[in-house]
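This is final.cif. It holds mmCIF, C-alpha atoms.
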data_entry
#
loop_
_atom_site.label_atom_id
_atom_site.label_comp_id
_atom_site.auth_asym_id
_atom_site.auth_seq_id
_atom_site.Cartn_x
_atom_site.Cartn_y
_atom_site.Cartn_z
CA MET A 1 101.38 92.76 83.90
CA PHE A 2 100.85 89.83 86.26
CA ILE A 3 98.28 89.68 89.07
CA GLN A 4 98.09 87.56 92.21
CA VAL A 5 94.70 87.31 93.89
CA ILE A 6 94.88 86.24 97.54
CA GLU A 7 91.71 85.38 99.47
CA GLY A 8 91.12 84.21 103.02
CA ARG A 9 88.87 84.67 106.05
CA ALA A 10 90.17 87.42 108.31
CA ILE A 11 90.26 86.78 112.07
CA GLU A 12 90.97 90.39 112.99
CA VAL A 13 90.66 93.04 110.28
CA ASP A 14 92.72 95.72 112.04
CA ASP A 15 95.64 93.35 112.59
CA LEU A 16 95.56 92.30 108.94
CA HIS A 17 95.48 95.93 107.84
CA GLN A 18 98.48 96.70 110.03
CA ALA A 19 100.36 93.71 108.60
CA LEU A 20 99.79 94.95 105.06
CA GLU A 21 100.80 98.47 106.05
CA ARG A 22 104.04 97.04 107.47
CA TRP A 23 104.68 95.14 104.24
CA VAL A 24 104.31 98.32 102.20
CA ARG A 25 106.48 100.31 104.61
CA GLU A 26 109.26 97.80 105.21
CA LEU A 27 109.24 95.18 102.45
CA SER A 28 107.85 96.86 99.33
CA PRO A 29 111.02 98.90 98.65
CA GLY A 30 112.83 95.61 97.96
CA ALA A 31 110.02 94.06 95.92
CA GLN A 32 111.32 94.75 92.43
CA GLY A 33 108.56 94.74 89.85
CA TRP A 34 105.75 95.32 92.34
CA LEU A 35 103.30 97.77 90.73
CA GLY A 36 100.63 98.11 93.39
CA THR A 37 98.13 96.40 95.66
CA THR A 38 94.38 96.69 96.07
CA ALA A 39 93.04 94.99 99.18
CA GLY A 40 90.24 95.05 101.70
CA VAL A 41 87.74 92.98 103.64
CA THR A 42 84.13 92.33 102.65
CA ASP A 43 81.23 92.70 105.05
CA ASP A 44 81.31 88.97 105.80
CA GLY A 45 85.02 88.93 106.62
CA LEU A 46 86.64 87.78 103.37
CA PHE A 47 90.05 89.38 102.80
CA VAL A 48 90.77 90.02 99.12
CA ASN A 49 94.19 91.16 97.92
CA VAL A 50 94.87 91.97 94.26
CA ALA A 51 98.63 92.45 93.87
CA ARG A 52 100.03 93.72 90.58
CA PHE A 53 103.54 92.89 89.34
CA ALA A 54 105.46 93.57 86.15
CA GLY A 55 105.42 89.83 85.44
CA ARG A 56 105.36 86.35 86.96
CA PRO A 57 109.17 86.28 87.54
CA ALA A 58 108.96 89.48 89.62
CA ALA A 59 106.16 88.06 91.75
CA HIS A 60 108.03 84.83 92.36
CA ARG A 61 111.29 86.62 93.18
CA ASN A 62 109.38 88.57 95.80
CA ALA A 63 107.90 85.38 97.26
CA GLU A 64 111.36 83.83 97.53
CA ARG A 65 112.85 86.66 99.62
CA PRO A 66 113.57 85.52 103.22
CA GLU A 67 111.95 88.63 104.67
CA GLN A 68 108.84 87.96 102.61
CA GLY A 69 108.68 84.41 103.89
CA GLN A 70 108.98 85.56 107.49
CA TRP A 71 106.32 88.21 106.99
CA TRP A 72 103.95 85.62 105.56
CA VAL A 73 104.53 83.16 108.41
CA GLU A 74 103.38 85.87 110.81
CA THR A 75 100.54 87.15 108.62
CA ALA A 76 99.12 83.69 107.92
CA LYS A 77 98.17 83.46 111.59
CA LEU A 78 95.62 86.25 111.00
CA PHE A 79 93.43 84.02 108.83
CA ALA A 80 90.87 81.40 109.78
CA GLY A 81 91.32 78.39 107.54
CA GLU A 82 92.81 78.12 104.10
CA VAL A 83 94.20 81.03 102.09
CA THR A 84 93.93 80.69 98.31
CA VAL A 85 96.21 82.25 95.71
CA LEU A 86 95.18 82.70 92.08
CA GLU A 87 97.89 83.67 89.59
CA CYS A 88 96.95 85.51 86.41
CA ASP A 89 99.45 85.85 83.57
CA GLU A 90 97.48 88.28 81.42
CA VAL A 91 95.91 91.53 82.56
CA ILE A 92 93.71 93.81 80.47
CA GLU A 93 93.56 97.42 81.62
CA ILE A 94 90.20 99.17 81.28
CA LEU A 95 89.98 102.99 81.39
CA GLY A 96 93.64 103.18 82.36
CA GLY A 97 93.68 100.34 84.89
CA GLY A 98 93.55 100.62 88.69
CA SER A 99 93.31 103.86 90.61
CA ASP A 100 94.45 104.72 94.13
CA GLU A 101 91.85 107.50 94.08
CA ALA A 102 88.98 105.01 94.40
CA ARG A 103 86.75 105.09 97.46
CA PHE A 104 84.93 101.88 96.56
CA VAL A 105 86.27 98.79 94.82
CA GLN A 106 84.36 95.79 93.53
CA VAL A 107 86.09 92.53 92.65
CA LEU A 108 84.21 89.98 90.58
CA GLN A 109 85.40 86.47 89.90
CA GLY A 110 84.05 83.71 87.68
CA ARG A 111 84.67 81.22 84.91
CA VAL A 112 84.51 82.43 81.32
CA ARG A 113 83.93 80.70 78.00
CA ASP A 114 86.94 81.93 76.13
CA HIS A 115 89.83 84.21 77.08
CA ALA A 116 90.14 85.35 73.47
CA ARG A 117 86.53 86.53 73.53
CA VAL A 118 87.19 88.37 76.80
CA ARG A 119 89.98 90.31 75.11
CA GLU A 120 87.73 91.12 72.16
CA VAL A 121 84.84 92.36 74.29
CA LEU A 122 86.99 94.47 76.60
CA GLN A 123 88.62 96.26 73.68
CA GLN A 124 85.23 97.60 72.61
CA GLY A 125 83.37 100.67 73.75
CA GLN A 126 85.77 102.03 76.35
CA GLU A 127 85.18 105.65 75.29
CA GLU A 128 81.41 105.18 75.51
CA LEU A 129 81.77 103.47 78.89
CA ALA A 130 83.94 106.28 80.26
CA ALA A 131 81.39 108.89 79.16
CA PHE A 132 78.42 106.95 80.56
CA ARG A 133 79.88 105.70 83.85
CA THR A 134 81.80 108.68 85.18
CA ASP A 135 81.82 106.94 88.59
CA LEU A 136 84.05 104.18 87.15
CA ILE A 137 87.62 105.49 87.20
CA GLY A 138 89.46 102.37 86.09
CA ALA A 139 89.51 98.58 86.11
CA THR A 140 91.63 95.54 85.40
CA ALA A 141 90.56 92.15 84.08
CA ALA A 142 92.98 89.36 84.99
CA LEU A 143 92.88 86.12 82.99
CA CYS A 144 93.89 83.14 85.11
CA GLY A 145 94.45 79.49 84.22
CA GLN A 146 92.25 78.00 81.51
CA ASP A 147 88.95 79.73 82.18
CA SER A 148 89.04 82.10 85.17
CA CYS A 149 88.66 85.87 85.11
CA VAL A 150 88.98 88.36 87.96
CA GLU A 151 87.85 91.92 87.34
CA THR A 152 88.73 94.68 89.78
CA ALA A 153 86.68 97.85 89.27
CA TYR A 154 87.50 101.18 90.90
CA PHE A 155 84.78 103.76 91.66
CA THR A 156 84.66 107.30 92.96
CA SER A 157 82.30 106.14 95.74
CA GLU A 158 79.84 103.35 96.50
CA VAL A 159 76.91 105.76 96.26
CA ALA A 160 77.99 106.85 92.79
CA ALA A 161 78.54 103.23 91.74
CA ARG A 162 75.06 102.17 92.85
CA GLN A 163 73.53 105.13 91.04
CA GLY A 164 75.49 104.23 87.93
CA GLU A 165 74.20 100.66 88.03
CA VAL A 166 70.59 101.77 87.63
CA LYS A 167 71.06 104.52 85.03
CA LEU A 168 69.15 104.14 81.79
CA GLN A 169 71.65 102.57 79.39
CA PRO A 170 72.10 103.74 75.81
CA PRO A 171 72.09 100.94 73.21
CA ALA A 172 75.89 100.78 72.83
CA ILE A 173 76.42 100.36 76.58
CA ARG A 174 73.59 97.86 76.89
CA GLU A 175 75.11 95.74 74.13
CA LEU A 176 78.59 95.96 75.70
CA LEU A 177 77.31 94.82 79.10
CA ARG A 178 75.27 92.03 77.53
CA ALA A 179 78.35 90.74 75.72
CA TRP A 180 80.36 90.90 78.96
CA GLN A 181 77.72 89.00 80.96
CA GLU A 182 77.45 86.30 78.31
CA LEU A 183 81.16 85.51 78.67
CA PHE A 184 80.63 83.85 82.05
CA VAL A 185 79.69 80.17 82.30
CA SER A 186 79.22 80.10 86.07
CA ASP A 187 77.76 82.29 88.77
CA VAL A 188 79.92 85.34 89.36
CA ASP A 189 81.16 86.11 92.87
CA PHE A 190 81.06 89.81 93.78
CA PHE A 191 83.31 91.11 96.56
CA ASP A 192 82.57 94.67 97.69
CA LEU A 193 85.49 96.49 99.34
CA ARG A 194 83.79 99.45 100.98
CA GLU A 195 87.01 100.66 102.62
CA PRO A 196 89.69 99.66 100.12
CA TRP A 197 93.36 99.62 101.04
CA LEU A 198 95.22 101.00 98.03
CA TYR A 199 99.00 101.04 97.65
CA SER A 200 101.50 101.89 94.94
CA PRO A 201 105.31 102.16 95.00
CA ARG A 202 106.46 105.39 96.61
#

Would you mind giving the structure from this file in structure tokens?
Amino acid sequence: MFIQVIEGRAIEVDDLHQALERWVRELSPGAQGWLGTTAGVTDDGLFVNVARFAGRPAAHRNAERPEQGQWWVETAKLFAGEVTVLECDEVIEILGGGSDEARFVQVLQGRVRDHARVREVLQQGQEELAAFRTDLIGATAALCGQDSCVETAYFTSEVAARQGEVKLQPPAIRELLRAWQELFVSDVDFFDLREPWLYSPR
């Protein structure tokens, strides 16, 4: 799997939502290799779009389509300032990956010490995590460039997620979370999508 993370300041959230709806309706049928999109806008107006593709070639073929280019020319006008794109060639699926059933999504982004260590940590304790955090219904961790990581976590609701954050942790979960936190070498940015826009091929 390959993930593109697109971020920019939204001028008008409703217009941006409509543009993405139009892409799914009109352009996604021709986007071969597109696996799904998770998007939304944070409380302070940051648009975050996590687009999943079968691989980098599929994502780039989509970007090269004339209709895609025209759509982006129009959509780019809905942002204030620069739009950034982060491309991630390796994606680790946690608890089955993303879920269109989520009612709250949290995206976290930061620099990590070692991608190999990320893989090792995320392969541990998934059964224990699933049993402990029943509010967490899936996640992906995208490894980008030399040291970046973007995790997208899908929850049944924000209320359930906040309750899960403060639950008393058994030793195995506490150790797993400690190992995960120690991977990061910079402050982690958290982006809460309280009304996520979730799409998959129809």

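Counting from CA of Gln126 in chain A, the distance to CA of Ile94 in chain A is 7.2 Å.
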
Expressed in Å, the length from CA of Pro170 in chain A to CA of Leu136 in chain A is 16.5 Å

Can you measure CA of Ala131 in chain A to CA of Glu175 in chain A for me? One decimal in Å is fine.
15.4 Å

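For Val159 in chain A, the non-local neighbours within 12 Å, defined as residues at least 2 positions apart in the same chain or in other chains and counting only C-alpha atoms, are Arg103, Phe104, Val105, Asp135, Leu136, Phe155, Thr156, Ser157, Ala161, Arg162, Gln163, Gly164, Glu165, Val166 and Arg194 of chain A.
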
Do you know which residues are at most 12 Å from range 21-32 of chain A counting only C-alpha atoms, after dropping those on the same chain fewer than 2 positions away, and could you put them as a compact mmCIF listing (two decimals) with C-alpha atoms, in the coordinates of the input?
# COMPACT_ATOMS: atom_id res chain seq x y z
CA ASP A 14 92.72 95.72 112.04
CA ASP A 15 95.64 93.35 112.59
CA LEU A 16 95.56 92.30 108.94
CA HIS A 17 95.48 95.93 107.84
CA GLN A 18 98.48 96.70 110.03
CA ALA A 19 100.36 93.71 108.60
CA TRP A 34 105.75 95.32 92.34
CA LEU A 35 103.30 97.77 90.73
CA GLY A 36 100.63 98.11 93.39
CA THR A 37 98.13 96.40 95.66
CA THR A 38 94.38 96.69 96.07
CA ALA A 39 93.04 94.99 99.18
CA GLY A 40 90.24 95.05 101.70
CA ALA A 51 98.63 92.45 93.87
CA ARG A 52 100.03 93.72 90.58
CA PHE A 53 103.54 92.89 89.34
CA ALA A 54 105.46 93.57 86.15
CA GLY A 55 105.42 89.83 85.44
CA ARG A 56 105.36 86.35 86.96
CA PRO A 57 109.17 86.28 87.54
CA ALA A 58 108.96 89.48 89.62
CA ALA A 59 106.16 88.06 91.75
CA HIS A 60 108.03 84.83 92.36
CA ARG A 61 111.29 86.62 93.18
CA ASN A 62 109.38 88.57 95.80
CA ALA A 63 107.90 85.38 97.26
CA GLU A 64 111.36 83.83 97.53
CA ARG A 65 112.85 86.66 99.62
CA PRO A 66 113.57 85.52 103.22
CA GLU A 67 111.95 88.63 104.67
CA GLN A 68 108.84 87.96 102.61
CA GLY A 69 108.68 84.41 103.89
CA GLN A 70 108.98 85.56 107.49
CA TRP A 71 106.32 88.21 106.99
CA TRP A 72 103.95 85.62 105.56
CA GLU A 74 103.38 85.87 110.81
CA THR A 75 100.54 87.15 108.62
CA TRP A 197 93.36 99.62 101.04
CA LEU A 198 95.22 101.00 98.03
CA TYR A 199 99.00 101.04 97.65
CA SER A 200 101.50 101.89 94.94
CA PRO A 201 105.31 102.16 95.00
CA ARG A 202 106.46 105.39 96.61

Taking the file above as input, evaluate the PyMOL selection byres ((chain A and resi 86) around 9) and report the hits as a list in words.
Ile3, Gln4, Val5, Ile6, Glu7, Thr84, Val85, Glu87, Cys88, Cys144 and Gly145 of chain A

Quick one: apply the PyMOL selection byres ((chain A and resi 139) around 7) to the file and drop the selected residues here as a list in words.
Glu93, Ile94, Leu95, Gly97, Gly98, Gly138, Thr140, Ala141, Glu151, Thr152, Ala153 and Tyr154 of chain A

Once you add 6 Å to each side, what are the centre and edge lengths of the axis-aligned box holding all listed atoms of range 161-177 of chain A? One decimal in Å, as lines of an AutoDock Vina configuration file, if you can.
center_x = 73.9
center_y = 100.0
center_z = 82.8
size_x = 21.4
size_y = 22.3
size_z = 32.0

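Shortest separation to Val121 in chain A among A:Gln181, A:Gln106, A:Ser99, A:Thr134 occurs at residue A:Gln181, atoms counted being all atoms listed in the file.
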
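The residue that comes closest to His115 in chain A, out of A:Glu128, A:Glu182, A:Glu195, A:Asp147 and on the basis of all atoms listed in the file, is A:Asp147.
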
Distance criterion (only C-alpha atoms): nearest to Gly8 in chain A out of A:Arg178, A:Leu78, A:Gln109, A:Val83:
A:Val83

Run through the PyMOL selection byres ((chain A and resi 44) around 12) on the given coordinates and return the selected residues as a ChimeraX atom specification.
/A:8-11,13,40-43,45-48,191-194

With N, CA, C and O atoms as the target, complete range 63-82 of chain A and hand it back as a PDB file, in the coordinates of the input.
ATOM      1  N   ALA A  63     108.324  86.451  96.355  1.00  0.00           N
ATOM      2  CA  ALA A  63     107.900  85.380  97.260  1.00  0.00           C
ATOM      3  C   ALA A  63     109.083  84.617  97.831  1.00  0.00           C
ATOM      4  O   ALA A  63     109.000  84.070  98.943  1.00  0.00           O
ATOM      5  N   GLU A  64     110.187  84.593  97.095  1.00  0.00           N
ATOM      6  CA  GLU A  64     111.360  83.830  97.530  1.00  0.00           C
ATOM      7  C   GLU A  64     112.265  84.612  98.481  1.00  0.00           C
ATOM      8  O   GLU A  64     113.197  84.033  99.054  1.00  0.00           O
ATOM      9  N   ARG A  65     112.003  85.886  98.704  1.00  0.00           N
ATOM     10  CA  ARG A  65     112.850  86.660  99.620  1.00  0.00           C
ATOM     11  C   ARG A  65     112.651  86.152 101.054  1.00  0.00           C
ATOM     12  O   ARG A  65     111.503  85.919 101.480  1.00  0.00           O
ATOM     13  N   PRO A  66     113.717  85.984 101.830  1.00  0.00           N
ATOM     14  CA  PRO A  66     113.570  85.520 103.220  1.00  0.00           C
ATOM     15  C   PRO A  66     112.662  86.406 104.054  1.00  0.00           C
ATOM     16  O   PRO A  66     111.846  85.904 104.839  1.00  0.00           O
ATOM     17  N   GLU A  67     112.785  87.715 103.881  1.00  0.00           N
ATOM     18  CA  GLU A  67     111.950  88.630 104.670  1.00  0.00           C
ATOM     19  C   GLU A  67     110.475  88.498 104.298  1.00  0.00           C
ATOM     20  O   GLU A  67     109.586  88.661 105.138  1.00  0.00           O
ATOM     21  N   GLN A  68     110.213  88.189 103.027  1.00  0.00           N
ATOM     22  CA  GLN A  68     108.840  87.960 102.610  1.00  0.00           C
ATOM     23  C   GLN A  68     108.286  86.687 103.254  1.00  0.00           C
ATOM     24  O   GLN A  68     107.143  86.654 103.728  1.00  0.00           O
ATOM     25  N   GLY A  69     109.103  85.652 103.270  1.00  0.00           N
ATOM     26  CA  GLY A  69     108.680  84.410 103.890  1.00  0.00           C
ATOM     27  C   GLY A  69     108.369  84.576 105.369  1.00  0.00           C
ATOM     28  O   GLY A  69     107.369  84.047 105.864  1.00  0.00           O
ATOM     29  N   GLN A  70     109.205  85.332 106.071  1.00  0.00           N
ATOM     30  CA  GLN A  70     108.980  85.560 107.490  1.00  0.00           C
ATOM     31  C   GLN A  70     107.715  86.375 107.720  1.00  0.00           C
ATOM     32  O   GLN A  70     106.925  86.091 108.627  1.00  0.00           O
ATOM     33  N   TRP A  71     107.524  87.384 106.876  1.00  0.00           N
ATOM     34  CA  TRP A  71     106.320  88.210 106.990  1.00  0.00           C
ATOM     35  C   TRP A  71     105.075  87.348 106.793  1.00  0.00           C
ATOM     36  O   TRP A  71     104.093  87.491 107.519  1.00  0.00           O
ATOM     37  N   TRP A  72     105.121  86.436 105.819  1.00  0.00           N
ATOM     38  CA  TRP A  72     103.950  85.620 105.560  1.00  0.00           C
ATOM     39  C   TRP A  72     103.679  84.628 106.692  1.00  0.00           C
ATOM     40  O   TRP A  72     102.521  84.369 107.026  1.00  0.00           O
ATOM     41  N   VAL A  73     104.720  84.065 107.274  1.00  0.00           N
ATOM     42  CA  VAL A  73     104.530  83.160 108.410  1.00  0.00           C
ATOM     43  C   VAL A  73     103.749  83.857 109.514  1.00  0.00           C
ATOM     44  O   VAL A  73     102.828  83.279 110.115  1.00  0.00           O
ATOM     45  N   GLU A  74     104.066  85.108 109.771  1.00  0.00           N
ATOM     46  CA  GLU A  74     103.380  85.870 110.810  1.00  0.00           C
ATOM     47  C   GLU A  74     101.965  86.253 110.367  1.00  0.00           C
ATOM     48  O   GLU A  74     100.999  86.176 111.140  1.00  0.00           O
ATOM     49  N   THR A  75     101.830  86.674 109.129  1.00  0.00           N
ATOM     50  CA  THR A  75     100.540  87.150 108.620  1.00  0.00           C
ATOM     51  C   THR A  75      99.535  86.016 108.458  1.00  0.00           C
ATOM     52  O   THR A  75      98.328  86.207 108.661  1.00  0.00           O
ATOM     53  N   ALA A  76     100.012  84.836 108.115  1.00  0.00           N
ATOM     54  CA  ALA A  76      99.120  83.690 107.920  1.00  0.00           C
ATOM     55  C   ALA A  76      98.327  83.358 109.177  1.00  0.00           C
ATOM     56  O   ALA A  76      97.231  82.777 109.096  1.00  0.00           O
ATOM     57  N   LYS A  77      98.850  83.726 110.328  1.00  0.00           N
ATOM     58  CA  LYS A  77      98.170  83.460 111.590  1.00  0.00           C
ATOM     59  C   LYS A  77      96.905  84.320 111.750  1.00  0.00           C
ATOM     60  O   LYS A  77      96.085  84.065 112.633  1.00  0.00           O
ATOM     61  N   LEU A  78      96.755  85.333 110.902  1.00  0.00           N
ATOM     62  CA  LEU A  78      95.620  86.250 111.000  1.00  0.00           C
ATOM     63  C   LEU A  78      94.413  85.774 110.192  1.00  0.00           C
ATOM     64  O   LEU A  78      93.414  86.482 110.095  1.00  0.00           O
ATOM     65  N   PHE A  79      94.518  84.574 109.629  1.00  0.00           N
ATOM     66  CA  PHE A  79      93.430  84.020 108.830  1.00  0.00           C
ATOM     67  C   PHE A  79      92.839  82.788 109.513  1.00  0.00           C
ATOM     68  O   PHE A  79      93.545  82.028 110.175  1.00  0.00           O
ATOM     69  N   ALA A  80      91.553  82.609 109.317  1.00  0.00           N
ATOM     70  CA  ALA A  80      90.870  81.400 109.780  1.00  0.00           C
ATOM     71  C   ALA A  80      90.720  80.456 108.597  1.00  0.00           C
ATOM     72  O   ALA A  80      89.993  80.748 107.651  1.00  0.00           O
ATOM     73  N   GLY A  81      91.429  79.343 108.634  1.00  0.00           N
ATOM     74  CA  GLY A  81      91.320  78.390 107.540  1.00  0.00           C
ATOM     75  C   GLY A  81      92.274  78.667 106.403  1.00  0.00           C
ATOM     76  O   GLY A  81      93.251  79.407 106.528  1.00  0.00           O
ATOM     77  N   GLU A  82      91.933  78.100 105.258  1.00  0.00           N
ATOM     78  CA  GLU A  82      92.810  78.120 104.100  1.00  0.00           C
ATOM     79  C   GLU A  82      92.850  79.495 103.425  1.00  0.00           C
ATOM     80  O   GLU A  82      91.850  80.205 103.374  1.00  0.00           O
TER      81      GLU A  82
END
